[in-house]
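Asker: Dropping in model-v2.cif, which is mmCIF, C-alpha atoms and all ligand atoms:
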```
data_my_file
#
loop_
_atom_site.label_atom_id
_atom_site.label_comp_id
_atom_site.auth_asym_id
_atom_site.auth_seq_id
_atom_site.Cartn_x
_atom_site.Cartn_y
_atom_site.Cartn_z
CA MET A 1457 25.51 -15.64 28.10
CA ASN A 1458 26.93 -16.81 24.77
CA SER A 1459 29.05 -14.52 22.60
CA LEU A 1460 27.04 -12.77 19.87
CA LYS A 1461 27.77 -12.14 16.21
CA PRO A 1462 29.58 -8.83 15.60
CA SER A 1463 27.16 -7.58 12.91
CA LYS A 1464 23.91 -6.17 14.20
CA LEU A 1465 20.82 -7.97 12.91
CA ALA A 1466 17.47 -6.18 12.73
CA LEU A 1467 14.45 -7.58 14.57
CA SER A 1468 11.46 -5.72 13.15
CA GLY A 1469 9.75 -7.44 10.23
CA LEU A 1470 10.62 -10.98 11.36
CA SER A 1471 8.03 -13.67 12.08
CA LEU A 1472 7.97 -14.98 15.67
CA PRO A 1473 9.85 -18.19 14.72
CA ASP A 1474 12.51 -16.14 12.88
CA LEU A 1475 12.77 -13.69 15.78
CA ILE A 1476 13.32 -16.60 18.18
CA LYS A 1477 16.05 -17.96 15.90
CA VAL A 1478 17.83 -14.60 15.53
CA LEU A 1479 17.71 -13.99 19.29
CA GLU A 1480 18.90 -17.51 20.14
CA PRO A 1481 22.42 -16.33 21.10
CA THR A 1482 20.96 -14.14 23.86
CA GLN A 1483 19.67 -17.25 25.66
CA LEU A 1484 16.63 -15.24 26.75
CA PRO A 1485 13.68 -17.43 27.77
CA LEU A 1486 10.78 -17.86 25.35
CA TYR A 1487 8.43 -15.62 27.33
CA LYS A 1488 10.95 -12.75 27.07
CA LEU A 1489 11.23 -13.28 23.32
CA LYS A 1490 7.44 -13.09 23.09
CA GLN A 1491 7.56 -9.83 25.07
CA ILE A 1492 10.06 -8.43 22.54
CA HIS A 1493 7.75 -9.56 19.71
CA ALA A 1494 4.85 -7.74 21.42
CA TRP A 1495 6.91 -4.57 21.87
CA ILE A 1496 7.66 -4.54 18.17
CA TYR A 1497 4.24 -5.49 16.77
CA ALA A 1498 1.64 -4.50 19.38
CA LYS A 1499 3.24 -1.49 21.05
CA PHE A 1500 5.15 -0.06 18.06
CA GLY A 1501 8.26 0.24 20.27
CA THR A 1502 10.86 2.61 18.81
CA SER A 1503 13.85 1.54 20.92
CA PHE A 1504 15.03 -1.34 23.09
CA SER A 1505 15.25 1.04 26.07
CA GLN A 1506 11.42 1.30 26.05
CA MET A 1507 11.00 -2.43 26.69
CA SER A 1508 10.25 -1.96 30.37
CA ASP A 1509 9.40 -5.60 31.10
CA LEU A 1510 13.00 -6.54 30.27
CA SER A 1511 15.80 -5.93 32.79
CA LEU A 1512 18.26 -3.10 32.15
CA ALA A 1513 20.95 -5.72 31.40
CA GLU A 1514 18.68 -7.43 28.85
CA ARG A 1515 17.86 -4.13 27.14
CA GLN A 1516 21.56 -3.30 27.02
CA LEU A 1517 22.28 -6.73 25.55
CA LEU A 1518 19.79 -6.09 22.76
CA ASP A 1519 21.09 -2.58 22.16
CA ASN A 1520 24.70 -3.79 21.93
CA ASN A 1521 23.97 -6.57 19.48
CA TYR A 1522 20.83 -5.79 17.46
CA VAL A 1523 19.04 -2.93 15.77
CA LEU A 1524 15.29 -2.54 15.66
CA SER A 1525 14.71 -1.67 12.01
CA VAL A 1526 16.17 -2.97 8.78
CA LEU A 1527 15.37 0.44 7.19
CA ASN A 1528 16.41 4.06 7.67
CA THR A 1529 14.04 6.91 6.83
CA LYS A 1530 15.76 9.24 4.35
CA ASP A 1531 12.84 11.45 3.42
CA CYS A 1532 9.14 11.83 4.07
CA GLN A 1533 6.88 14.10 2.05
CA ILE A 1534 3.39 14.95 3.26
CA SER A 1535 0.60 15.81 0.85
CA LYS A 1536 -2.23 18.26 1.53
CA ASP A 1537 -4.60 15.26 1.53
CA GLY A 1538 -2.56 13.56 4.28
CA THR A 1539 -0.77 11.06 2.04
CA LYS A 1540 2.80 10.46 3.28
CA LYS A 1541 5.51 9.23 0.98
CA TYR A 1542 8.54 7.63 2.62
CA LEU A 1543 11.96 7.07 1.15
CA PHE A 1544 13.87 4.37 3.02
CA SER A 1545 17.43 3.14 2.67
CA LEU A 1546 18.09 -0.54 3.33
CA ASN A 1547 20.57 -1.39 6.12
CA ASN A 1548 22.07 -4.25 4.13
CA ASP A 1549 23.32 -2.31 1.10
CA ASP A 1550 22.05 1.30 1.32
CA LYS A 1551 19.73 0.87 -1.66
CA TYR A 1552 16.59 3.03 -1.69
CA ILE A 1553 12.92 2.01 -1.71
CA GLU A 1554 9.62 3.86 -1.29
CA SER A 1555 6.41 3.30 0.62
CA VAL A 1556 3.26 5.39 0.80
CA LEU A 1557 0.86 5.87 3.71
CA MET A 1558 -2.61 6.68 2.46
CA THR A 1559 -4.96 8.21 4.98
CA PHE A 1560 -8.68 8.20 4.48
CA GLN A 1561 -11.53 9.54 6.60
CA LYS A 1562 -11.67 6.63 9.00
CA ARG A 1563 -8.57 5.51 10.93
CA GLU A 1564 -9.26 1.85 10.19
CA ASP A 1565 -8.91 2.67 6.49
CA LEU A 1566 -5.20 3.53 6.76
CA SER A 1567 -3.36 1.78 3.95
CA VAL A 1568 0.29 1.36 3.09
CA CYS A 1569 1.60 0.77 -0.40
CA VAL A 1570 4.79 -1.34 -0.11
CA SER A 1571 7.70 -1.99 -2.45
CA SER A 1572 8.69 -5.57 -3.20
CA GLN A 1573 11.93 -5.00 -5.17
CA VAL A 1574 14.65 -2.38 -5.56
CA GLY A 1575 13.90 -1.03 -9.04
CA CYS A 1576 11.88 -3.03 -11.53
CA ALA A 1577 12.62 -5.07 -14.63
CA VAL A 1578 9.16 -4.75 -16.23
CA GLY A 1579 9.91 -1.26 -17.57
CA CYS A 1580 6.40 0.18 -17.96
CA LYS A 1581 6.79 3.34 -20.03
CA PHE A 1582 4.50 5.45 -17.83
CA CYS A 1583 6.15 4.51 -14.52
CA ALA A 1584 8.88 6.44 -12.69
CA THR A 1585 10.31 3.17 -11.33
CA SER A 1586 11.18 2.12 -14.88
CA PHE A 1587 14.06 4.65 -14.57
CA VAL A 1588 15.43 2.61 -11.65
CA ASN A 1589 17.04 -0.49 -13.12
CA PHE A 1590 16.23 -3.69 -11.27
CA LYS A 1591 18.77 -4.14 -8.46
CA ARG A 1592 17.46 -6.92 -6.24
CA ASN A 1593 14.48 -8.54 -4.55
CA LEU A 1594 13.49 -7.41 -1.08
CA THR A 1595 13.38 -9.93 1.73
CA SER A 1596 10.13 -10.58 3.54
CA GLN A 1597 11.60 -8.70 6.52
CA GLU A 1598 12.35 -5.64 4.36
CA ILE A 1599 8.77 -5.69 3.01
CA VAL A 1600 7.13 -6.02 6.44
CA ASP A 1601 9.39 -3.45 8.09
CA GLN A 1602 8.15 -0.77 5.67
CA VAL A 1603 4.77 -1.02 7.39
CA MET A 1604 6.28 -1.34 10.87
CA SER A 1605 8.47 1.75 10.29
CA ILE A 1606 5.39 3.73 9.26
CA GLN A 1607 3.40 2.44 12.24
CA ARG A 1608 6.27 3.42 14.57
CA ASP A 1609 6.63 6.86 12.98
CA ASN A 1610 2.91 7.64 13.21
CA GLN A 1611 1.99 5.45 16.23
CA VAL A 1612 -1.08 4.25 14.34
CA ARG A 1613 -2.31 0.84 13.26
CA ILE A 1614 -2.41 0.18 9.53
CA GLY A 1615 -5.49 -1.66 8.25
CA ASN A 1616 -4.64 -2.45 4.62
CA ILE A 1617 -1.59 -3.36 2.56
CA VAL A 1618 -1.19 -2.98 -1.19
CA TYR A 1619 1.84 -4.41 -3.00
CA MET A 1620 1.88 -1.63 -5.55
CA GLY A 1621 5.11 0.25 -4.83
CA GLN A 1622 8.45 -0.29 -6.53
CA GLY A 1623 8.89 -3.65 -8.20
CA GLU A 1624 6.83 -6.52 -9.57
CA PRO A 1625 5.69 -8.61 -6.56
CA LEU A 1626 5.23 -11.79 -8.61
CA LEU A 1627 8.87 -11.70 -9.71
CA ASN A 1628 9.64 -12.04 -5.98
CA THR A 1629 6.79 -14.39 -5.17
CA GLU A 1630 8.25 -16.49 -2.35
CA GLU A 1631 9.33 -13.50 -0.23
CA VAL A 1632 6.01 -11.77 -0.97
CA ILE A 1633 4.06 -14.85 0.20
CA LYS A 1634 6.25 -15.11 3.30
CA SER A 1635 5.61 -11.42 4.07
CA ILE A 1636 1.82 -11.91 3.73
CA TYR A 1637 1.98 -14.53 6.50
CA VAL A 1638 4.00 -12.16 8.73
CA PHE A 1639 1.47 -9.36 8.09
CA ALA A 1640 -1.33 -11.73 9.08
CA ASN A 1641 0.34 -13.50 12.03
CA SER A 1642 2.59 -10.84 13.59
CA VAL A 1643 1.41 -7.41 12.39
CA GLY A 1644 -2.27 -8.34 12.72
CA ILE A 1645 -3.50 -7.37 9.26
CA GLY A 1646 -6.08 -9.83 7.93
CA LYS A 1647 -5.28 -11.43 4.58
CA ARG A 1648 -8.55 -10.05 3.18
CA HIS A 1649 -7.07 -6.58 3.69
CA ILE A 1650 -4.05 -7.33 1.50
CA THR A 1651 -3.86 -6.67 -2.26
CA VAL A 1652 -1.08 -7.94 -4.53
CA SER A 1653 -0.86 -6.07 -7.82
CA THR A 1654 0.88 -7.74 -10.76
CA SER A 1655 1.66 -6.66 -14.29
CA GLY A 1656 0.65 -10.21 -15.31
CA ILE A 1657 3.45 -12.64 -14.44
CA ILE A 1658 1.67 -15.94 -15.14
CA PRO A 1659 3.96 -18.30 -13.15
CA GLY A 1660 3.48 -15.99 -10.15
CA ILE A 1661 -0.33 -15.99 -10.58
CA ASN A 1662 -0.23 -19.81 -10.69
CA ARG A 1663 1.98 -19.92 -7.58
CA LEU A 1664 -0.40 -17.60 -5.69
CA ALA A 1665 -3.35 -19.78 -6.75
CA LYS A 1666 -1.55 -22.80 -5.30
CA GLU A 1667 -1.08 -20.97 -1.97
CA ASN A 1668 -4.83 -20.19 -2.05
CA LEU A 1669 -4.67 -17.10 0.15
CA PRO A 1670 -7.83 -15.02 0.74
CA ILE A 1671 -6.09 -11.87 -0.51
CA THR A 1672 -7.11 -9.67 -3.48
CA LEU A 1673 -5.17 -10.13 -6.69
CA ALA A 1674 -5.03 -7.09 -9.00
CA LEU A 1675 -3.94 -7.30 -12.63
CA SER A 1676 -2.44 -4.14 -14.15
CA LEU A 1677 -3.74 -4.54 -17.69
CA HIS A 1678 -3.49 -1.06 -19.28
CA ALA A 1679 -4.22 -2.23 -22.85
CA CYS A 1680 -6.52 -4.76 -24.49
CA ASP A 1681 -4.43 -6.00 -27.39
CA ASP A 1682 -0.98 -7.50 -27.16
CA ASP A 1683 0.83 -5.07 -29.47
CA LEU A 1684 -0.30 -2.00 -27.56
CA ARG A 1685 0.29 -3.67 -24.21
CA ASN A 1686 3.79 -4.79 -25.18
CA SER A 1687 4.65 -1.28 -26.35
CA ILE A 1688 3.81 0.27 -22.97
CA MET A 1689 4.69 -2.73 -20.75
CA PRO A 1690 7.64 -4.40 -22.53
CA GLY A 1691 8.49 -6.64 -19.57
CA VAL A 1692 5.34 -8.75 -19.91
CA LYS A 1693 5.45 -9.53 -23.63
CA THR A 1694 6.13 -13.20 -22.85
CA TYR A 1695 2.60 -13.40 -21.49
CA SER A 1696 -0.23 -12.77 -23.95
CA ILE A 1697 -3.47 -11.20 -22.74
CA LYS A 1698 -5.31 -14.41 -23.66
CA ASN A 1699 -2.98 -16.59 -21.55
CA THR A 1700 -3.04 -14.06 -18.70
CA PHE A 1701 -6.86 -14.16 -18.56
CA GLN A 1702 -6.72 -17.96 -18.68
CA ALA A 1703 -4.41 -17.88 -15.63
CA LEU A 1704 -6.82 -15.47 -13.90
CA THR A 1705 -9.74 -17.80 -14.66
CA GLU A 1706 -7.88 -20.71 -13.06
CA TYR A 1707 -6.91 -18.47 -10.12
CA LEU A 1708 -10.60 -17.61 -9.63
CA GLN A 1709 -11.63 -21.27 -9.81
CA THR A 1710 -9.12 -22.16 -7.07
CA THR A 1711 -9.51 -19.20 -4.71
CA ASN A 1712 -13.09 -18.11 -5.39
CA ARG A 1713 -11.85 -14.54 -4.83
CA ARG A 1714 -12.91 -11.72 -7.16
CA VAL A 1715 -9.92 -10.10 -8.88
CA THR A 1716 -9.34 -6.43 -9.70
CA ILE A 1717 -8.37 -5.19 -13.14
CA GLU A 1718 -6.32 -1.96 -13.02
CA TYR A 1719 -6.24 0.24 -16.11
CA VAL A 1720 -4.17 3.45 -16.26
CA LEU A 1721 -5.81 5.85 -18.72
CA LEU A 1722 -3.22 7.47 -21.02
CA ALA A 1723 -4.56 10.20 -23.32
CA GLY A 1724 -4.53 9.17 -26.98
CA VAL A 1725 -2.79 5.85 -26.17
CA ASN A 1726 -5.26 3.44 -24.55
CA ASP A 1727 -8.34 5.57 -23.90
CA SER A 1728 -10.22 5.06 -27.19
CA SER A 1729 -13.76 3.71 -27.33
CA GLU A 1730 -12.32 0.72 -29.24
CA GLN A 1731 -10.07 -0.15 -26.26
CA ALA A 1732 -13.01 0.40 -23.89
CA HIS A 1733 -15.19 -2.08 -25.86
CA LYS A 1734 -12.35 -4.63 -25.87
CA LEU A 1735 -11.92 -4.17 -22.13
CA ALA A 1736 -15.68 -4.63 -21.57
CA LYS A 1737 -15.54 -7.88 -23.53
CA LEU A 1738 -12.50 -9.20 -21.66
CA VAL A 1739 -13.80 -8.45 -18.17
CA SER A 1740 -17.29 -9.80 -18.87
CA LYS A 1741 -15.76 -13.30 -18.86
CA ILE A 1742 -14.43 -13.23 -15.29
CA ASN A 1743 -15.59 -12.23 -11.81
CA CYS A 1744 -13.80 -8.92 -11.41
CA HIS A 1745 -13.96 -5.27 -10.47
CA ILE A 1746 -12.38 -2.68 -12.77
CA ASN A 1747 -10.40 0.25 -11.46
CA LEU A 1748 -9.68 3.06 -13.93
CA ILE A 1749 -6.71 5.24 -12.95
CA PRO A 1750 -6.31 8.60 -14.70
CA TYR A 1751 -2.58 8.93 -15.40
CA ASN A 1752 -0.48 10.90 -12.87
CA PRO A 1753 2.08 12.81 -15.03
CA ILE A 1754 5.75 12.25 -14.17
CA ASN A 1755 7.13 14.51 -16.89
CA GLU A 1756 9.28 16.34 -14.33
CA LEU A 1757 11.59 13.30 -14.38
CA SER A 1758 12.16 12.88 -18.04
CA GLU A 1759 11.26 14.87 -21.08
CA SER A 1760 11.04 11.58 -22.95
CA ILE A 1761 7.85 10.76 -21.03
CA SER A 1762 5.09 12.56 -22.85
CA TYR A 1763 1.99 10.76 -21.57
CA LYS A 1764 -0.92 12.88 -20.49
CA ARG A 1765 -4.10 12.37 -18.53
CA PRO A 1766 -7.30 12.14 -20.61
CA SER A 1767 -9.96 14.84 -20.16
CA ILE A 1768 -12.77 14.16 -17.69
CA GLU A 1769 -15.16 13.70 -20.65
CA VAL A 1770 -12.96 10.98 -22.17
CA GLN A 1771 -12.56 9.28 -18.78
CA GLU A 1772 -16.32 9.23 -18.27
CA ALA A 1773 -17.07 7.99 -21.80
CA PHE A 1774 -14.50 5.18 -21.35
CA LYS A 1775 -16.03 4.21 -18.00
CA ALA A 1776 -19.58 4.16 -19.43
CA ILE A 1777 -18.54 1.70 -22.15
CA VAL A 1778 -16.72 -0.60 -19.72
CA GLU A 1779 -19.82 -0.58 -17.49
CA THR A 1780 -21.78 -2.27 -20.28
CA SER A 1781 -19.88 -5.43 -19.23
CA GLY A 1782 -22.08 -5.55 -16.12
CA ARG A 1783 -19.00 -5.38 -13.92
CA LYS A 1784 -18.42 -2.76 -11.23
CA VAL A 1785 -16.17 0.04 -12.52
CA THR A 1786 -14.57 2.70 -10.31
CA SER A 1787 -12.15 5.55 -10.87
CA ARG A 1788 -9.40 5.49 -8.28
CA LEU A 1789 -9.26 8.45 -5.95
CA GLU A 1790 -5.95 10.15 -6.57
CA ARG A 1791 -3.78 10.60 -3.52
CA GLY A 1792 -0.79 12.85 -2.95
CA LYS A 1793 -0.95 14.78 -6.22
CA ASP A 1794 1.13 17.62 -4.75
CA ILE A 1795 4.05 15.37 -3.71
CA SER A 1796 6.16 12.81 -5.57
CA ALA A 1797 3.54 10.13 -4.93
CA ALA A 1798 3.76 8.14 -8.16
CA CYS A 1799 5.80 5.01 -7.67
CA GLY A 1800 9.53 5.72 -8.20
CA GLN A 1801 9.32 9.52 -8.20
CA LEU A 1802 10.84 10.21 -4.78
CA HIS A 1803 13.50 7.56 -5.34
CA ASN A 1804 14.50 9.21 -8.60
CA LYS A 1805 14.66 12.68 -7.06
CA HIS A 1806 17.15 11.39 -4.50
CA LEU A 1807 19.14 9.40 -7.03
CA ASN A 1808 19.67 12.66 -8.90
CA GLN A 1809 21.13 14.16 -5.73
CA ARG A 1810 23.66 11.42 -4.90
CA VAL A 1811 26.14 9.12 -6.55
CA PRO A 1812 24.03 6.35 -8.17
CA SER A 1813 24.23 3.02 -6.37
S1 LIG B 1901 4.27 -0.06 -12.99
FE1 LIG B 1901 4.94 -1.66 -11.56
S2 LIG B 1901 5.59 -3.35 -12.92
FE2 LIG B 1901 5.52 -1.50 -14.21
S3 LIG B 1901 7.65 -0.65 -14.11
FE3 LIG B 1901 6.42 0.35 -12.47
S4 LIG B 1901 6.86 -0.87 -10.66
FE4 LIG B 1901 7.42 -2.14 -12.44
#
```
Just give me the structure of the file as structure tokens.
Answerer:
Amino acid sequence: MNSLKPSKLALSGLSLPDLIKVLEPTQLPLYKLKQIHAWIYAKFGTSFSQMSDLSLAERQLLDNNYVLSVLNTKDCQISKDGTKKYLFSLNNDDKYIESVLMTFQKREDLSVCVSSQVGCAVGCKFCATSFVNFKRNLTSQEIVDQVMSIQRDNQVRIGNIVYMGQGEPLLNTEEVIKSIYVFANSVGIGKRHITVSTSGIIPGINRLAKENLPITLALSLHACDDDLRNSIMPGVKTYSIKNTFQALTEYLQTTNRRVTIEYVLLAGVNDSSEQAHKLAKLVSKINCHINLIPYNPINELSESISYKRPSIEVQEAFKAIVETSGRKVTSRLERGKDISAACGQLHNKHLNQRVPS
């Protein structure tokens, strides 16, 4: 057998063609490589020693030269409602990312919220990740392996993926698109069960439209006039609401897929009846579903964050006005309220306990 590279490459999270390429030095036949692919993606194998259809020498060869995962689990918090929040470190540079497993009543409803970047440059004022300066984009393998790590840990099949963890997916569009194909082709999650949530990066929306994937695109809007939106989401001020809705309209024309509009309700900031009427007017022009998200306070992280959740009465009044648009409006079920489930919270807790990277 050929000599192998000294550094250990990870296998989980790779597409079959990439796995074949990475394992080329082993000179294992194609059918063996497909068996390794099946151990990773169909059997949720946790070690090379489990791969019983490989010889002992082949398993030893893998163990000596490769690792299974590109991530290490650093923490896992479990909520009373079953939500699990994972903190992973990345093999390549020991940076931290988060992923959340959301459990619902039916097993097939299991969803994972994945990160697409380390930190985020958009800087939304209500988001814990805005305290983590942007460090780098994740590779497709690092995105997919978040789900594989969770499947291995729980020995369950995940049915849905949402790109709603740390980072702006459409500032890492090519790796995000690549990861969607791996989810569909290797992990076995249909594209219709994948949601990409963006703060409104127009070139990324256009790029996704060109790829014409049957996924769900969600726009995090959070305000209905540019000044207010720019004040709470400074990283998207290049893109006006008007131009963003134009890009969504073109996206809809190409993909024929209904989009989701996400709106975090912040007491006294964006929850007025005036904002609700503006939202109703905006959404009446496109085929969409509106998801209202009562704010999840993160004040424990910074006293400078003073946002609060609106009262139930205000939430309901806002929803009633938006419903006059004729569009479907839901309030998102909150998950993991008793743990650090808001994006960036667990990461920040750990950053406070170690030398910053
Ligand atoms: S809400 Fe999303 S886009 Fe905004 S700072 Fe947080 S991770 Fe970035």
Asker: Quick one: everything within 10 Å of Lys1741 (chain A), counting all atoms listed in the file, minus sequence neighbours fewer than 4 positions away in the same chain. Send it as JSON, numbers by chain.
Answerer: {"A": [1701, 1705, 1736, 1737, 1781, 1783]}
Asker: For a cut-off of 9 Å around (8.9, 3.2, 18.0), file coordinates, pick out all residues using only C-alpha atoms and list them as a short mmCIF file (atom, residue, chain, number, x, y, z; two decimals) with C-alpha atoms, in the coordinates of the input.
Answerer:
```cif
data_model
loop_
_atom_site.label_atom_id
_atom_site.label_comp_id
_atom_site.auth_asym_id
_atom_site.auth_seq_id
_atom_site.Cartn_x
_atom_site.Cartn_y
_atom_site.Cartn_z
CA TRP A 1495 6.91 -4.57 21.87
CA ILE A 1496 7.66 -4.54 18.17
CA LYS A 1499 3.24 -1.49 21.05
CA PHE A 1500 5.15 -0.06 18.06
CA GLY A 1501 8.26 0.24 20.27
CA THR A 1502 10.86 2.61 18.81
CA SER A 1503 13.85 1.54 20.92
CA GLN A 1506 11.42 1.30 26.05
CA LEU A 1524 15.29 -2.54 15.66
CA MET A 1604 6.28 -1.34 10.87
CA SER A 1605 8.47 1.75 10.29
CA GLN A 1607 3.40 2.44 12.24
CA ARG A 1608 6.27 3.42 14.57
CA ASP A 1609 6.63 6.86 12.98
CA ASN A 1610 2.91 7.64 13.21
CA GLN A 1611 1.99 5.45 16.23
#
```
Asker: For Lys1764 (chain A), which residue among A:Thr1654, A:Thr1710, A:Asn1726, A:Thr1786 is the nearest when counting only C-alpha atoms?
Answerer: A:Asn1726
Asker: When distances are computed from all atoms listed in the file, which of A:Ala1640, A:Ile1650, A:Val1578, A:Val1600 shows the smallest separation from Glu1624 (chain A)?
Answerer: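 The shortest atom-to-atom distance to Glu1624 (chain A) comes from A:Val1578.
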Asker: Return as CSV the residues of chain A lying at most 7 Å from ligand LIG 1901 (chain B), together with the closest atom-to-atom pair for each and the distance in Å to one decimal, counting only C-alpha atoms and all ligand atoms, with rows in chain order and ascending residue number.
Answerer:
```
residue,atom,partner,partner_atom,distance
A:Cys1576,CA,B:LIG1901,FE4,4.6
A:Ala1577,CA,B:LIG1901,FE4,6.4
A:Val1578,CA,B:LIG1901,S3,4.9
A:Gly1579,CA,B:LIG1901,S3,4.2
A:Cys1580,CA,B:LIG1901,S3,4.1
A:Cys1583,CA,B:LIG1901,FE3,4.6
A:Ala1584,CA,B:LIG1901,FE3,6.6
A:Thr1585,CA,B:LIG1901,FE3,4.9
A:Ser1586,CA,B:LIG1901,S3,4.6
A:Met1620,CA,B:LIG1901,FE1,6.7
A:Gly1621,CA,B:LIG1901,S4,6.2
A:Gln1622,CA,B:LIG1901,S4,4.5
A:Gly1623,CA,B:LIG1901,S4,4.2
A:Glu1624,CA,B:LIG1901,S2,4.8
A:Thr1654,CA,B:LIG1901,S2,6.8
A:Ser1655,CA,B:LIG1901,S2,5.3
A:Met1689,CA,B:LIG1901,FE2,6.7
A:Cys1799,CA,B:LIG1901,S4,6.7
```
Asker: Create the file for the chosen residues now, containing C-alpha atoms and written as a PDB file, keeping the file's coordinate frame.
Answerer:
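Saved file selection-v9.pdb follows:
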```pdb
ATOM      1  CA  CYS A1576      11.880  -3.030 -11.530  1.00  0.00           C
ATOM      2  CA  ALA A1577      12.620  -5.070 -14.630  1.00  0.00           C
ATOM      3  CA  VAL A1578       9.160  -4.750 -16.230  1.00  0.00           C
ATOM      4  CA  GLY A1579       9.910  -1.260 -17.570  1.00  0.00           C
ATOM      5  CA  CYS A1580       6.400   0.180 -17.960  1.00  0.00           C
ATOM      6  CA  CYS A1583       6.150   4.510 -14.520  1.00  0.00           C
ATOM      7  CA  ALA A1584       8.880   6.440 -12.690  1.00  0.00           C
ATOM      8  CA  THR A1585      10.310   3.170 -11.330  1.00  0.00           C
ATOM      9  CA  SER A1586      11.180   2.120 -14.880  1.00  0.00           C
ATOM     10  CA  MET A1620       1.880  -1.630  -5.550  1.00  0.00           C
ATOM     11  CA  GLY A1621       5.110   0.250  -4.830  1.00  0.00           C
ATOM     12  CA  GLN A1622       8.450  -0.290  -6.530  1.00  0.00           C
ATOM     13  CA  GLY A1623       8.890  -3.650  -8.200  1.00  0.00           C
ATOM     14  CA  GLU A1624       6.830  -6.520  -9.570  1.00  0.00           C
ATOM     15  CA  THR A1654       0.880  -7.740 -10.760  1.00  0.00           C
ATOM     16  CA  SER A1655       1.660  -6.660 -14.290  1.00  0.00           C
ATOM     17  CA  MET A1689       4.690  -2.730 -20.750  1.00  0.00           C
ATOM     18  CA  CYS A1799       5.800   5.010  -7.670  1.00  0.00           C
TER      19      CYS A1799
END
```
Asker: To one decimal in Å, tell me the separation between CA of Ser1567 (chain A) and CA of Gly1538 (chain A).
Answerer: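 Value for the CA of Ser1567 (chain A)-CA of Gly1538 (chain A) distance: 11.8 Å.
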